[in-house]
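Colleague: My structure file work-v3.csv, CSV, C-alpha atoms and all ligand atoms, is below:
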```csv
chain,number,residue,atom,x,y,z
A,1,MET,CA,-15.9,-27.4,32.1
A,2,LYS,CA,-14.2,-24.7,34.1
A,3,LEU,CA,-14.3,-21.1,33.0
A,4,ASP,CA,-11.2,-19.0,33.2
A,5,VAL,CA,-12.7,-16.0,34.9
A,6,ASN,CA,-9.9,-13.8,35.8
A,7,ALA,CA,-9.9,-11.9,32.5
A,8,LEU,CA,-13.5,-11.0,33.0
A,9,ARG,CA,-12.7,-9.0,36.0
A,10,TYR,CA,-11.9,-5.9,34.0
A,11,LEU,CA,-13.9,-5.8,30.9
A,12,THR,CA,-13.2,-2.5,29.1
A,13,LYS,CA,-15.3,-0.1,27.2
A,14,ASP,CA,-14.1,-1.6,23.9
A,15,ASP,CA,-15.0,-5.1,25.1
A,16,PHE,CA,-18.6,-4.0,25.8
A,17,ARG,CA,-18.7,-2.0,22.5
A,18,VAL,CA,-17.8,-5.1,20.5
A,19,LEU,CA,-20.1,-7.3,22.6
A,20,THR,CA,-22.9,-4.9,21.9
A,21,ALA,CA,-22.0,-4.9,18.2
A,22,VAL,CA,-22.4,-8.7,18.1
A,23,GLU,CA,-25.7,-8.3,19.8
A,24,MET,CA,-26.9,-5.8,17.2
A,25,GLY,CA,-25.7,-8.0,14.4
A,26,MET,CA,-27.8,-10.8,15.8
A,27,ARG,CA,-31.0,-8.9,15.1
A,28,ASN,CA,-30.8,-10.4,11.7
A,29,HIS,CA,-28.0,-12.9,11.7
A,30,GLU,CA,-27.8,-16.1,13.7
A,31,ILE,CA,-24.0,-15.9,13.2
A,32,VAL,CA,-22.8,-12.3,12.7
A,33,PRO,CA,-20.0,-11.9,10.1
A,34,ALA,CA,-16.9,-10.6,11.7
A,35,GLU,CA,-16.7,-7.7,9.2
A,36,LEU,CA,-20.2,-6.6,10.2
A,37,VAL,CA,-19.2,-6.6,13.9
A,38,ASP,CA,-16.2,-4.5,12.9
A,39,ARG,CA,-18.3,-2.1,11.0
A,40,ILE,CA,-20.8,-1.7,13.8
A,41,ALA,CA,-18.2,-1.4,16.6
A,42,GLY,CA,-16.1,1.1,14.5
A,43,LEU,CA,-12.9,0.6,16.5
A,44,LYS,CA,-9.7,1.8,14.9
A,45,HIS,CA,-6.8,-0.2,13.5
A,46,GLY,CA,-8.5,-3.6,13.5
A,47,GLY,CA,-9.2,-3.2,17.2
A,48,THR,CA,-12.4,-5.2,16.8
A,49,TYR,CA,-10.6,-8.4,15.9
A,50,LYS,CA,-8.3,-8.2,18.9
A,51,VAL,CA,-11.3,-7.6,21.2
A,52,LEU,CA,-13.2,-10.5,19.6
A,53,ARG,CA,-10.4,-12.8,20.4
A,54,ASN,CA,-10.5,-11.7,24.0
A,55,LEU,CA,-14.2,-12.1,24.2
A,56,LEU,CA,-13.9,-15.5,22.7
A,57,LYS,CA,-11.3,-16.5,25.2
A,58,ASN,CA,-13.7,-15.5,28.0
A,59,LYS,CA,-16.6,-17.4,26.4
A,60,LEU,CA,-18.7,-14.2,25.9
A,61,VAL,CA,-19.0,-15.0,22.2
A,62,HIS,CA,-18.9,-18.1,20.2
A,63,HIS,CA,-16.9,-18.4,17.0
A,64,ASP,CA,-18.4,-20.1,13.9
A,65,ALA,CA,-16.5,-20.4,10.7
A,66,THR,CA,-18.6,-23.0,9.0
A,67,LYS,CA,-19.9,-20.7,6.3
A,68,TYR,CA,-18.0,-17.6,7.0
A,69,ASP,CA,-16.0,-16.0,9.7
A,70,GLY,CA,-18.6,-15.1,12.3
A,71,TYR,CA,-19.6,-14.8,15.9
A,72,ARG,CA,-22.7,-15.0,18.1
A,73,LEU,CA,-23.3,-14.1,21.8
A,74,THR,CA,-23.2,-16.9,24.4
A,75,TYR,CA,-25.6,-16.8,27.3
A,76,LEU,CA,-22.7,-15.5,29.3
A,77,GLY,CA,-22.2,-12.6,26.9
A,78,TYR,CA,-25.8,-11.8,27.0
A,79,ASP,CA,-25.9,-12.0,30.8
A,80,PHE,CA,-23.1,-9.6,31.0
A,81,LEU,CA,-24.8,-7.0,28.7
A,82,ALA,CA,-27.9,-7.1,30.8
A,83,ILE,CA,-26.1,-7.1,34.1
A,84,LYS,CA,-23.9,-4.2,33.1
A,85,THR,CA,-26.9,-2.1,31.9
A,86,LEU,CA,-28.8,-2.7,35.2
A,87,VAL,CA,-25.8,-2.0,37.3
A,88,ASN,CA,-25.2,1.2,35.4
A,89,ARG,CA,-28.9,2.1,36.0
A,90,GLY,CA,-28.2,1.7,39.7
A,91,VAL,CA,-30.8,-1.2,40.0
A,92,PHE,CA,-28.3,-3.4,41.9
A,93,ALA,CA,-24.6,-3.4,42.7
A,94,SER,CA,-23.6,-7.0,43.2
A,95,VAL,CA,-24.6,-10.6,42.3
A,96,GLY,CA,-24.6,-13.4,44.8
A,97,ARG,CA,-25.6,-17.0,45.0
A,98,GLN,CA,-27.9,-18.9,42.7
A,99,ILE,CA,-31.2,-19.6,44.3
A,100,GLY,CA,-33.1,-21.3,41.5
A,101,VAL,CA,-32.7,-23.2,38.4
A,102,GLY,CA,-35.5,-24.0,36.0
A,103,LYS,CA,-35.6,-25.6,32.6
A,104,GLU,CA,-35.5,-22.2,31.1
A,105,SER,CA,-34.2,-19.8,33.7
A,106,ASP,CA,-31.6,-19.2,36.3
A,107,ILE,CA,-32.3,-17.2,39.4
A,108,PHE,CA,-29.7,-15.4,41.5
A,109,GLU,CA,-29.7,-13.1,44.4
A,110,VAL,CA,-28.5,-9.6,43.7
A,111,ALA,CA,-27.9,-6.8,46.2
A,112,THR,CA,-28.5,-3.0,45.9
A,113,GLU,CA,-26.0,-0.4,47.0
A,114,ASP,CA,-27.8,-0.2,50.4
A,115,GLY,CA,-27.7,-3.9,50.9
A,116,THR,CA,-31.3,-4.8,49.9
A,117,VAL,CA,-31.3,-8.3,48.4
A,118,LEU,CA,-33.4,-8.8,45.3
A,119,ALA,CA,-33.9,-11.7,42.9
A,120,MET,CA,-32.6,-11.7,39.3
A,121,LYS,CA,-34.2,-14.1,36.8
A,122,LEU,CA,-32.3,-14.7,33.6
A,123,HIS,CA,-34.6,-16.3,31.0
A,124,ARG,CA,-33.1,-19.0,28.9
A,125,LEU,CA,-35.7,-19.9,26.3
A,126,GLY,CA,-34.5,-22.1,23.7
A,127,ARG,CA,-31.8,-23.6,26.0
A,128,THR,CA,-33.3,-27.0,25.2
A,129,SER,CA,-34.1,-26.4,21.6
A,130,PHE,CA,-30.9,-24.8,20.5
A,131,ARG,CA,-30.0,-27.5,18.0
A,132,ALA,CA,-33.2,-26.9,16.1
A,133,VAL,CA,-32.7,-23.2,16.0
A,134,LYS,CA,-29.1,-23.7,14.9
A,135,SER,CA,-30.1,-25.7,11.9
A,136,LYS,CA,-32.3,-22.9,10.6
A,137,ARG,CA,-31.0,-20.3,8.2
A,138,ASP,CA,-28.4,-17.9,9.3
A,139,TYR,CA,-30.1,-14.9,8.1
A,140,LEU,CA,-33.4,-14.3,9.9
A,141,ARG,CA,-35.4,-12.5,7.4
A,142,HIS,CA,-38.4,-12.6,9.7
A,143,ARG,CA,-37.7,-11.9,13.3
A,144,ARG,CA,-40.4,-14.5,14.0
A,145,SER,CA,-37.7,-17.0,13.5
A,146,PHE,CA,-37.1,-18.6,16.9
A,147,ASN,CA,-34.1,-17.1,18.1
A,148,TRP,CA,-33.2,-17.7,21.7
A,149,LEU,CA,-32.1,-14.1,22.3
A,150,TYR,CA,-35.4,-12.8,21.0
A,151,LEU,CA,-37.5,-15.4,22.8
A,152,SER,CA,-35.7,-14.9,26.1
A,153,ARG,CA,-36.1,-11.2,25.8
A,154,LEU,CA,-39.8,-11.6,25.1
A,155,ALA,CA,-40.2,-13.9,28.1
A,156,ALA,CA,-38.6,-11.4,30.4
A,157,LEU,CA,-40.6,-8.5,29.0
A,158,LYS,CA,-43.8,-10.5,29.4
A,159,GLU,CA,-42.9,-11.7,32.9
A,160,PHE,CA,-42.1,-8.1,34.0
A,161,ALA,CA,-45.3,-6.6,32.5
A,162,PHE,CA,-47.5,-9.3,34.1
A,163,MET,CA,-45.8,-9.1,37.5
A,164,LYS,CA,-46.2,-5.4,37.5
A,165,ALA,CA,-49.9,-5.5,36.5
A,166,LEU,CA,-50.7,-8.3,39.0
A,167,GLY,CA,-48.9,-6.5,41.8
A,168,ASP,CA,-50.8,-3.2,41.0
A,169,HIS,CA,-54.1,-5.2,41.2
A,170,GLY,CA,-53.2,-6.5,44.6
A,171,PHE,CA,-52.1,-10.1,43.7
A,172,PRO,CA,-49.5,-11.6,45.9
A,173,VAL,CA,-46.6,-11.6,43.5
A,174,PRO,CA,-43.0,-10.4,43.8
A,175,THR,CA,-42.6,-6.7,43.3
A,176,ALA,CA,-41.4,-6.0,39.7
A,177,VAL,CA,-38.3,-3.8,39.9
A,178,ASP,CA,-36.8,-3.6,36.5
A,179,CYS,CA,-36.1,-5.5,33.3
A,180,ASN,CA,-33.4,-5.5,30.6
A,181,ARG,CA,-32.9,-7.9,27.8
A,182,HIS,CA,-33.6,-11.4,29.1
A,183,CYS,CA,-33.3,-10.4,32.8
A,184,VAL,CA,-36.0,-9.5,35.3
A,185,ILE,CA,-35.3,-8.0,38.7
A,186,MET,CA,-37.9,-8.5,41.4
A,187,SER,CA,-38.2,-8.6,45.1
A,188,LEU,CA,-36.8,-11.6,46.8
A,189,VAL,CA,-39.6,-13.8,48.2
A,190,GLN,CA,-39.1,-15.2,51.7
A,191,GLY,CA,-40.0,-18.8,52.1
A,192,TYR,CA,-39.9,-21.9,49.9
A,193,PRO,CA,-41.6,-23.3,46.9
A,194,LEU,CA,-44.6,-25.2,48.1
A,195,VAL,CA,-43.2,-28.4,46.7
A,196,GLN,CA,-40.6,-28.4,49.4
A,197,VAL,CA,-43.1,-28.1,52.3
A,198,LYS,CA,-44.1,-31.3,53.9
A,199,GLU,CA,-46.4,-30.0,56.6
A,200,LEU,CA,-48.8,-27.1,57.0
A,201,GLN,CA,-50.5,-25.6,60.0
A,202,ASN,CA,-53.6,-24.8,58.1
A,203,PRO,CA,-53.7,-26.8,54.9
A,204,ASP,CA,-57.4,-26.0,54.3
A,205,ASP,CA,-56.8,-22.3,54.5
A,206,VAL,CA,-53.8,-22.5,52.2
A,207,PHE,CA,-55.8,-24.6,49.7
A,208,ASP,CA,-58.7,-22.1,49.8
A,209,THR,CA,-56.3,-19.2,49.3
A,210,ILE,CA,-54.6,-20.8,46.4
A,211,LEU,CA,-57.8,-21.9,44.7
A,212,GLY,CA,-59.2,-18.4,45.3
A,213,LEU,CA,-56.2,-16.9,43.5
A,214,ILE,CA,-56.8,-18.9,40.4
A,215,VAL,CA,-60.4,-17.8,40.4
A,216,ARG,CA,-59.6,-14.2,41.0
A,217,LEU,CA,-57.0,-14.2,38.3
A,218,ALA,CA,-59.5,-15.6,35.8
A,219,GLU,CA,-62.0,-12.9,37.0
A,220,HIS,CA,-59.4,-10.4,36.0
A,221,GLY,CA,-59.1,-12.0,32.6
A,222,LEU,CA,-56.0,-14.2,33.1
A,223,ILE,CA,-54.9,-17.8,33.5
A,224,HIS,CA,-51.5,-18.6,34.9
A,225,CYS,CA,-51.1,-21.9,33.0
A,226,ASP,CA,-48.3,-23.2,35.2
A,227,PHE,CA,-50.0,-22.9,38.6
A,228,ASN,CA,-48.5,-25.6,40.6
A,229,GLU,CA,-46.4,-26.4,43.7
A,230,PHE,CA,-43.2,-25.3,42.0
A,231,ASN,CA,-44.5,-21.8,41.3
A,232,ILE,CA,-46.2,-21.1,44.6
A,233,MET,CA,-43.9,-19.8,47.3
A,234,ILE,CA,-45.0,-20.0,51.0
A,235,ASP,CA,-43.4,-18.5,54.1
A,236,ASP,CA,-43.4,-19.5,57.7
A,237,ASP,CA,-46.7,-17.6,58.3
A,238,GLU,CA,-48.1,-19.7,55.4
A,239,LYS,CA,-48.4,-16.6,53.3
A,240,ILE,CA,-48.6,-17.3,49.6
A,241,THR,CA,-46.7,-15.7,46.7
A,242,VAL,CA,-47.2,-16.7,43.1
A,243,ILE,CA,-44.2,-16.6,40.7
A,244,ASP,CA,-43.3,-17.4,37.1
A,245,PHE,CA,-45.6,-15.7,34.5
A,246,PRO,CA,-44.2,-16.0,31.0
A,247,GLN,CA,-46.8,-18.6,30.0
A,248,MET,CA,-49.9,-16.8,31.2
A,249,VAL,CA,-52.8,-16.4,28.8
A,250,SER,CA,-56.0,-14.4,28.5
A,251,VAL,CA,-59.3,-16.0,29.3
A,252,SER,CA,-60.1,-15.4,25.6
A,253,HIS,CA,-57.4,-17.8,24.5
A,254,ARG,CA,-58.9,-20.7,22.6
A,255,ASN,CA,-57.7,-23.2,25.1
A,256,ALA,CA,-58.5,-21.1,28.1
A,257,GLN,CA,-60.9,-23.5,29.7
A,258,MET,CA,-58.4,-26.4,29.4
A,259,PHE,CA,-55.6,-24.3,31.0
A,260,PHE,CA,-57.9,-23.1,33.8
A,261,ASP,CA,-59.1,-26.6,34.6
A,262,ARG,CA,-55.5,-27.9,34.5
A,263,ASP,CA,-54.4,-25.3,37.0
A,264,ILE,CA,-57.2,-26.2,39.3
A,265,GLU,CA,-56.5,-29.9,38.9
A,266,CYS,CA,-52.9,-29.4,39.8
A,267,ILE,CA,-53.8,-27.9,43.1
A,268,TYR,CA,-56.4,-30.5,43.9
A,269,LYS,CA,-54.0,-33.3,43.1
A,270,PHE,CA,-51.1,-31.9,45.0
A,271,PHE,CA,-53.2,-31.1,48.2
A,272,ASN,CA,-54.8,-34.5,48.1
A,273,LYS,CA,-51.6,-36.3,47.8
A,274,ARG,CA,-49.4,-34.2,50.1
A,275,PHE,CA,-51.8,-32.9,52.7
A,276,ASN,CA,-54.4,-35.5,52.4
A,277,LEU,CA,-57.3,-33.1,52.1
A,278,LYS,CA,-60.5,-34.9,52.1
A,279,SER,CA,-62.3,-34.9,48.8
A,280,GLU,CA,-65.6,-33.5,50.3
A,281,LYS,CA,-63.6,-30.6,51.5
A,282,ASN,CA,-62.1,-30.3,48.0
A,283,GLU,CA,-65.5,-30.4,46.4
A,284,GLU,CA,-67.3,-27.6,48.2
A,285,GLU,CA,-65.0,-24.7,47.8
A,286,VAL,CA,-64.2,-21.2,46.8
A,287,GLY,CA,-65.7,-19.4,43.8
A,288,SER,CA,-67.5,-22.5,43.0
A,289,GLU,CA,-70.4,-23.0,40.8
A,290,SER,CA,-73.2,-25.1,42.2
A,291,ASP,CA,-74.8,-27.0,39.4
A,292,GLY,CA,-77.3,-28.7,41.6
A,293,GLU,CA,-75.6,-32.0,41.5
A,294,GLY,CA,-73.2,-31.3,44.3
A,295,THR,CA,-70.0,-30.9,42.1
A,296,SER,CA,-68.6,-27.5,42.9
A,297,ARG,CA,-65.1,-27.1,41.7
A,298,PRO,CA,-64.4,-23.6,40.5
A,299,SER,CA,-65.8,-23.5,37.0
A,300,PHE,CA,-64.3,-21.6,34.2
A,301,LEU,CA,-67.6,-20.7,32.7
A,302,SER,CA,-68.9,-19.1,35.9
A,303,VAL,CA,-65.7,-17.1,36.6
A,304,ASN,CA,-65.3,-16.1,32.9
A,305,LYS,CA,-68.7,-14.4,33.1
A,306,ALA,CA,-67.2,-12.0,35.5
A,307,ALA,CA,-63.9,-11.6,33.7
A,308,GLY,CA,-62.3,-8.2,33.9
A,309,SER,CA,-59.9,-6.8,31.4
A,310,LEU,CA,-56.4,-7.1,32.8
A,311,ASP,CA,-55.6,-9.2,29.8
A,312,LYS,CA,-56.6,-6.3,27.5
A,313,GLU,CA,-54.6,-3.8,29.6
A,314,LEU,CA,-51.6,-6.0,29.3
A,315,ALA,CA,-52.1,-6.4,25.5
A,316,ALA,CA,-51.9,-2.6,25.3
A,317,SER,CA,-48.9,-2.3,27.6
A,318,GLY,CA,-46.1,-2.8,25.0
A,319,PHE,CA,-46.2,-6.6,25.1
A,320,THR,CA,-47.5,-6.7,21.6
A,321,ARG,CA,-49.9,-9.1,20.0
A,322,LYS,CA,-47.1,-10.3,17.8
A,323,ALA,CA,-44.9,-11.0,20.8
A,324,GLN,CA,-47.7,-12.9,22.4
A,325,VAL,CA,-48.2,-15.0,19.2
A,326,ASP,CA,-44.4,-15.7,19.0
A,327,MET,CA,-44.3,-16.8,22.6
A,328,GLU,CA,-47.3,-19.0,22.3
A,329,LYS,CA,-45.9,-20.7,19.2
A,330,TYR,CA,-42.7,-21.3,21.0
A,331,ILE,CA,-44.4,-22.7,24.1
A,332,GLU,CA,-46.6,-25.0,21.9
A,333,GLU,CA,-43.6,-26.2,19.8
A,334,ASP,CA,-41.6,-26.7,22.9
A,335,ALA,CA,-44.3,-28.8,24.5
A,336,GLU,CA,-44.5,-31.0,21.4
A,337,GLY,CA,-40.7,-31.5,21.2
A,338,GLN,CA,-40.0,-32.2,24.8
A,339,ASP,CA,-38.3,-35.5,24.4
A,340,SER,CA,-35.7,-34.3,21.9
A,341,SER,CA,-34.6,-31.7,24.4
A,342,SER,CA,-31.4,-33.2,25.7
A,343,ASP,CA,-29.0,-30.8,27.3
A,344,ASP,CA,-26.9,-29.7,24.4
A,345,ASP,CA,-25.0,-27.0,26.2
A,346,ASP,CA,-21.8,-28.8,25.6
A,347,GLU,CA,-22.5,-28.9,21.9
A,348,ILE,CA,-23.0,-25.2,21.6
A,349,GLY,CA,-20.1,-24.5,23.8
A,350,ASP,CA,-22.0,-22.5,26.4
A,351,ALA,CA,-21.3,-23.2,29.9
A,352,VAL,CA,-24.3,-21.6,31.7
A,353,PRO,CA,-22.7,-19.5,34.3
A,354,ILE,CA,-23.1,-19.5,38.0
A,355,TYR,CA,-22.1,-16.1,39.4
A,356,SER,CA,-20.3,-15.2,42.4
A,357,LEU,CA,-19.6,-11.7,41.6
A,358,LYS,CA,-18.9,-8.4,43.2
A,359,ILE,CA,-19.4,-5.4,41.1
A,360,ASP,CA,-17.5,-2.3,41.9
A,361,GLN,CA,-19.8,0.6,41.0
A,362,ASP,CA,-17.0,3.2,40.9
A,363,ARG,CA,-15.8,1.8,37.7
A,364,SER,CA,-18.9,1.9,35.7
A,365,ASP,CA,-17.3,0.4,32.6
A,366,GLU,CA,-15.9,-2.6,34.4
A,367,LEU,CA,-17.3,-5.5,36.1
A,368,ASP,CA,-15.3,-7.0,38.9
A,369,CYS,CA,-16.4,-10.5,39.0
A,370,ASN,CA,-15.7,-14.2,39.5
A,371,LEU,CA,-17.4,-16.7,37.4
A,372,THR,CA,-17.4,-20.4,37.5
A,373,SER,CA,-19.3,-22.7,35.2
A,374,ARG,CA,-22.2,-24.7,36.5
A,375,ASN,CA,-20.4,-27.9,35.8
A,376,SER,CA,-17.6,-27.0,38.1
A,377,GLY,CA,-20.0,-27.2,41.0
A,378,GLY,CA,-20.8,-23.6,41.9
A,379,PRO,CA,-22.8,-22.4,44.8
A,380,GLY,CA,-26.2,-23.4,43.5
A,381,THR,CA,-28.5,-24.3,46.3
A,382,PHE,CA,-31.8,-25.2,44.8
A,383,SER,CA,-31.9,-27.8,42.0
A,384,GLU,CA,-34.7,-29.9,43.1
A,385,GLU,CA,-36.8,-31.7,40.5
A,386,HIS,CA,-38.3,-28.8,38.8
A,387,GLY,CA,-40.9,-28.3,36.2
A,388,THR,CA,-44.6,-28.6,35.6
A,389,SER,CA,-45.8,-31.3,37.7
A,390,CYS,CA,-49.0,-31.9,35.9
A,391,SER,CA,-48.8,-30.4,32.4
A,392,GLY,CA,-51.3,-32.6,30.7
B,1,LIG,P1,-38.8,-21.2,35.8
B,1,LIG,O1,-39.6,-20.4,34.9
B,1,LIG,O2,-37.5,-21.6,35.3
B,1,LIG,O3,-39.7,-22.3,36.4
B,1,LIG,P2,-39.3,-19.7,38.3
B,1,LIG,O4,-39.6,-18.2,38.2
B,1,LIG,O5,-40.4,-20.6,38.6
B,1,LIG,O6,-38.5,-20.1,37.0
B,1,LIG,O7,-38.1,-19.8,39.4
B,1,LIG,C1,-37.4,-21.0,39.7
B,1,LIG,C2,-37.2,-21.1,41.2
B,1,LIG,O8,-36.4,-19.9,41.6
B,1,LIG,C3,-38.4,-21.0,42.0
B,1,LIG,O9,-39.0,-22.3,42.2
B,1,LIG,C4,-37.9,-20.4,43.3
B,1,LIG,O10,-37.3,-21.4,44.2
B,1,LIG,C5,-36.8,-19.5,42.9
B,1,LIG,N1,-37.3,-18.1,42.7
B,1,LIG,C6,-37.8,-17.5,41.6
B,1,LIG,N2,-38.2,-16.2,41.8
B,1,LIG,C7,-37.9,-16.0,43.1
B,1,LIG,C8,-38.1,-14.8,44.0
B,1,LIG,N3,-38.5,-13.7,43.5
B,1,LIG,N4,-37.7,-14.9,45.3
B,1,LIG,C9,-37.1,-16.1,45.7
B,1,LIG,N5,-37.0,-17.2,45.0
B,1,LIG,C10,-37.4,-17.2,43.7
B,2,MG,MG,-41.3,-22.2,37.7
```
Output the file's structure in the form of structure tokens.
Modeller:
Amino acid sequence: MKLDVNALRYLTKDDFRVLTAVEMGMRNHEIVPAELVDRIAGLKHGGTYKVLRNLLKNKLVHHDATKYDGYRLTYLGYDFLAIKTLVNRGVFASVGRQIGVGKESDIFEVATEDGTVLAMKLHRLGRTSFRAVKSKRDYLRHRRSFNWLYLSRLAALKEFAFMKALGDHGFPVPTAVDCNRHCVIMSLVQGYPLVQVKELQNPDDVFDTILGLIVRLAEHGLIHCDFNEFNIMIDDDEKITVIDFPQMVSVSHRNAQMFFDRDIECIYKFFNKRFNLKSEKNEEEVGSESDGEGTSRPSFLSVNKAAGSLDKELAASGFTRKAQVDMEKYIEEDAEGQDSSSDDDDEIGDAVPIYSLKIDQDRSDELDCNLTSRNSGGPGTFSEEHGTSCSG
């Protein structure tokens, strides 16, 4: 599917006003009645309806007349709202090529006014479970209802808060720059995901460093929960950076031990297989607990004794308990329903966009951009097998 992008080059104030009205309506409607959009937007002379048609033509909203005349945002519409907000804040000035695609995110390069290149992660929670969400009631009386907009926003908020806290505590993570809606801006990590690396100068050192990180995280009260070769970046000097934090949990989580052991196991498995690390080497290492029988993998019980309180700091940081519960519910439900998760982008009529976009900052109300849909074969560069390599 090819998107006609030319009309997106000059989105007007009214376009954004109506787009924002649809977003506001979605706080409690899956499909927002057109009349409500009109009331929120408050444009004169039926202007809202004309603008809605334009937004629809550009796939920024989706029209649904099954029960009543209504609209909802598409990913593209939501992306535009976040991008515009961040550009207006001066966080970045242009969007470049796509550098990553996950099951539930798309990552692009963006550049600031002075040419610094950053990474933009757009969360897409619910991309795979949209059908289930769609079949639920239109009116979300409890915001708990799993709404992709809400979940994607939570994921971004959580990722940003964790990245910031981890960075402040000296962990090797990207620098958290800013966050809006489902979008996180962070420093661009040089290097490659470890999964792409076939050879290392010092595999033992890298292994020790990585294992040491899992232990140190737990000593600070946190477990990554997706600590694997896809979420570890490594540069030419074999320096490690950890990414991807929306699924992190506190060491006080009821399954903490299992998550901790699974993270450790992933690293052992990967290093054994890829770099052929001898198992004696594997069994004598970092932060380990000697139980007198010679087994000495890092043990959750021993690191947990020393656990700090970063998890509690984060709980107090605006990422609320309720948000945490909602995220965890979603993650659990998603894990259970994996097989039914066919790609239904076509069904929902959302082409997930690939950007090649230049934003002219002088016109703060307009985005000068070119968009093509992923299906049309955009400039995506990294689409290697991606996911949790050993999630249970
Ligand atoms: P997901 O949650 O979808 O797995 P990730 O945060 O793991 O998303 O990112 C997916 C891919 O995007 C990574 O494997 C990596 O190649 C790339 N990526 C993510 N963040 C950055 C960054 N800050 N700098 C460079 N590349 C990144
Ligand atoms: Mg990842």
Colleague: CA of Leu73 in chain A and CA of Leu36 in chain A, how far apart in Å?
Modeller: 14.2 Å
Colleague: 10 Å from ligand MG 2 (chain B) is the threshold here; counting only C-alpha atoms and all ligand atoms, which polymer residues fall inside it? Answer as a PyMOL selection string.
Modeller: chain A and resi 100-105+193+226-232+242-246+386-388
Colleague: In terms of the shortest atom-to-atom distance over all atoms listed in the file, which of A:Val91, A:Ala156, A:Met258, A:Ile40 is closest to Val184 in chain A?
Modeller: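 Smallest separation from Val184 in chain A among the options: A:Ala156.
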Colleague: Set the distance at 8 Å and use all atoms listed in the file: which residues neighbour Ala155 in chain A once local chain neighbours fewer than 2 positions away are removed? I'd like the list as number ranges by chain.
Modeller: A: 123, 125, 151-153, 157-159, 182, 246, 327
Colleague: What gap, in Å, lies between CA of Leu19 in chain A and CA of Val95 in chain A?
Modeller: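 These two atoms are separated by 20.5 Å.
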Colleague: Counting all atoms listed in the file, which residues sit no farther than 9 Å from the position (-23.7, -15.9, 22.6) in the file's frame? I'd like them as JSON, numbers by chain.
Modeller: {"A": [22, 23, 59, 60, 61, 62, 71, 72, 73, 74, 75, 76, 77, 78, 149, 350]}
Colleague: Return the single residue from A:Ala256, A:Thr66, A:Val177, A:Gly126 that is closest to Gly90 in chain A, with distances computed using only C-alpha atoms.
Modeller: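 Closest candidate: A:Val177.
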Colleague: Go through A:Thr116, A:Cys225, A:Phe271, A:His220 and flag the residue nearest Ser309 in chain A, using all atoms listed in the file for the distances.
Modeller: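 Once distances to Ser309 in chain A are computed over all atoms listed in the file, the minimum belongs to A:His220.
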Colleague: Nearest residue to Gln190 in chain A out of A:Ser250, A:Thr241, A:Thr209, A:Thr175, using all atoms listed in the file?
Modeller: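 Looking at the shortest contact to Gln190 in chain A, the residue is A:Thr241.
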Colleague: Mind giving me the straight-line distance from CA of Ile83 in chain A to atom O9 of ligand LIG 1 (chain B) in Å, one decimal?
Modeller: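 So the two atoms, CA of Ile83 in chain A and atom O9 of ligand LIG 1 (chain B), lie 21.5 Å apart.
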Colleague: Between A:His63, A:His45, A:His169, A:His224, which residue has the minimum interatomic distance to ligand LIG 1 (chain B), considering only C-alpha atoms and all ligand atoms?
Modeller: A:His224
Colleague: Would you kindly identify which residues have an atom no farther than 10 Å from (-55.5, -26.6, 32.4), using all atoms listed in the file and the file's own coordinates, and write them out as an mmCIF file with C-alpha atoms, in the frame of the given file?
Modeller:
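result.cif was written with the following content:
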```cif
data_model
loop_
_atom_site.group_PDB
_atom_site.id
_atom_site.type_symbol
_atom_site.label_atom_id
_atom_site.label_comp_id
_atom_site.auth_asym_id
_atom_site.auth_seq_id
_atom_site.Cartn_x
_atom_site.Cartn_y
_atom_site.Cartn_z
ATOM 1 C CA ILE A 223 -54.900 -17.800 33.500
ATOM 2 C CA HIS A 224 -51.500 -18.600 34.900
ATOM 3 C CA CYS A 225 -51.100 -21.900 33.000
ATOM 4 C CA ASP A 226 -48.300 -23.200 35.200
ATOM 5 C CA PHE A 227 -50.000 -22.900 38.600
ATOM 6 C CA ASN A 255 -57.700 -23.200 25.100
ATOM 7 C CA ALA A 256 -58.500 -21.100 28.100
ATOM 8 C CA GLN A 257 -60.900 -23.500 29.700
ATOM 9 C CA MET A 258 -58.400 -26.400 29.400
ATOM 10 C CA PHE A 259 -55.600 -24.300 31.000
ATOM 11 C CA PHE A 260 -57.900 -23.100 33.800
ATOM 12 C CA ASP A 261 -59.100 -26.600 34.600
ATOM 13 C CA ARG A 262 -55.500 -27.900 34.500
ATOM 14 C CA ASP A 263 -54.400 -25.300 37.000
ATOM 15 C CA ILE A 264 -57.200 -26.200 39.300
ATOM 16 C CA GLU A 265 -56.500 -29.900 38.900
ATOM 17 C CA CYS A 266 -52.900 -29.400 39.800
ATOM 18 C CA CYS A 390 -49.000 -31.900 35.900
ATOM 19 C CA SER A 391 -48.800 -30.400 32.400
ATOM 20 C CA GLY A 392 -51.300 -32.600 30.700
#
```
Colleague: Show me, as JSON, the centre and edge lengths in Å to one decimal of the axis-aligned box that covers every listed atom of ligand LIG 1 (chain B) with 3 Å on each side.
Modeller:
```
{"center_x": -38.4, "center_y": -18.0, "center_z": 40.3, "size_x": 10.0, "size_y": 14.6, "size_z": 16.8}
```
Colleague: So that I can see what lies close to Ile240 in chain A, please list as number ranges by chain the residues with an atom at most 8 Å from it, counting only C-alpha atoms and leaving out residues fewer than 4 positions away in the same chain.
Modeller: A: 172, 206, 209-210, 232-235
Colleague: Of the candidates A:Asp106, A:Asp69, A:Asp64, A:Asp14, which one gets nearest to ligand LIG 1 (chain B) if we count all atoms listed in the file?
Modeller: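 Closest candidate: A:Asp106.
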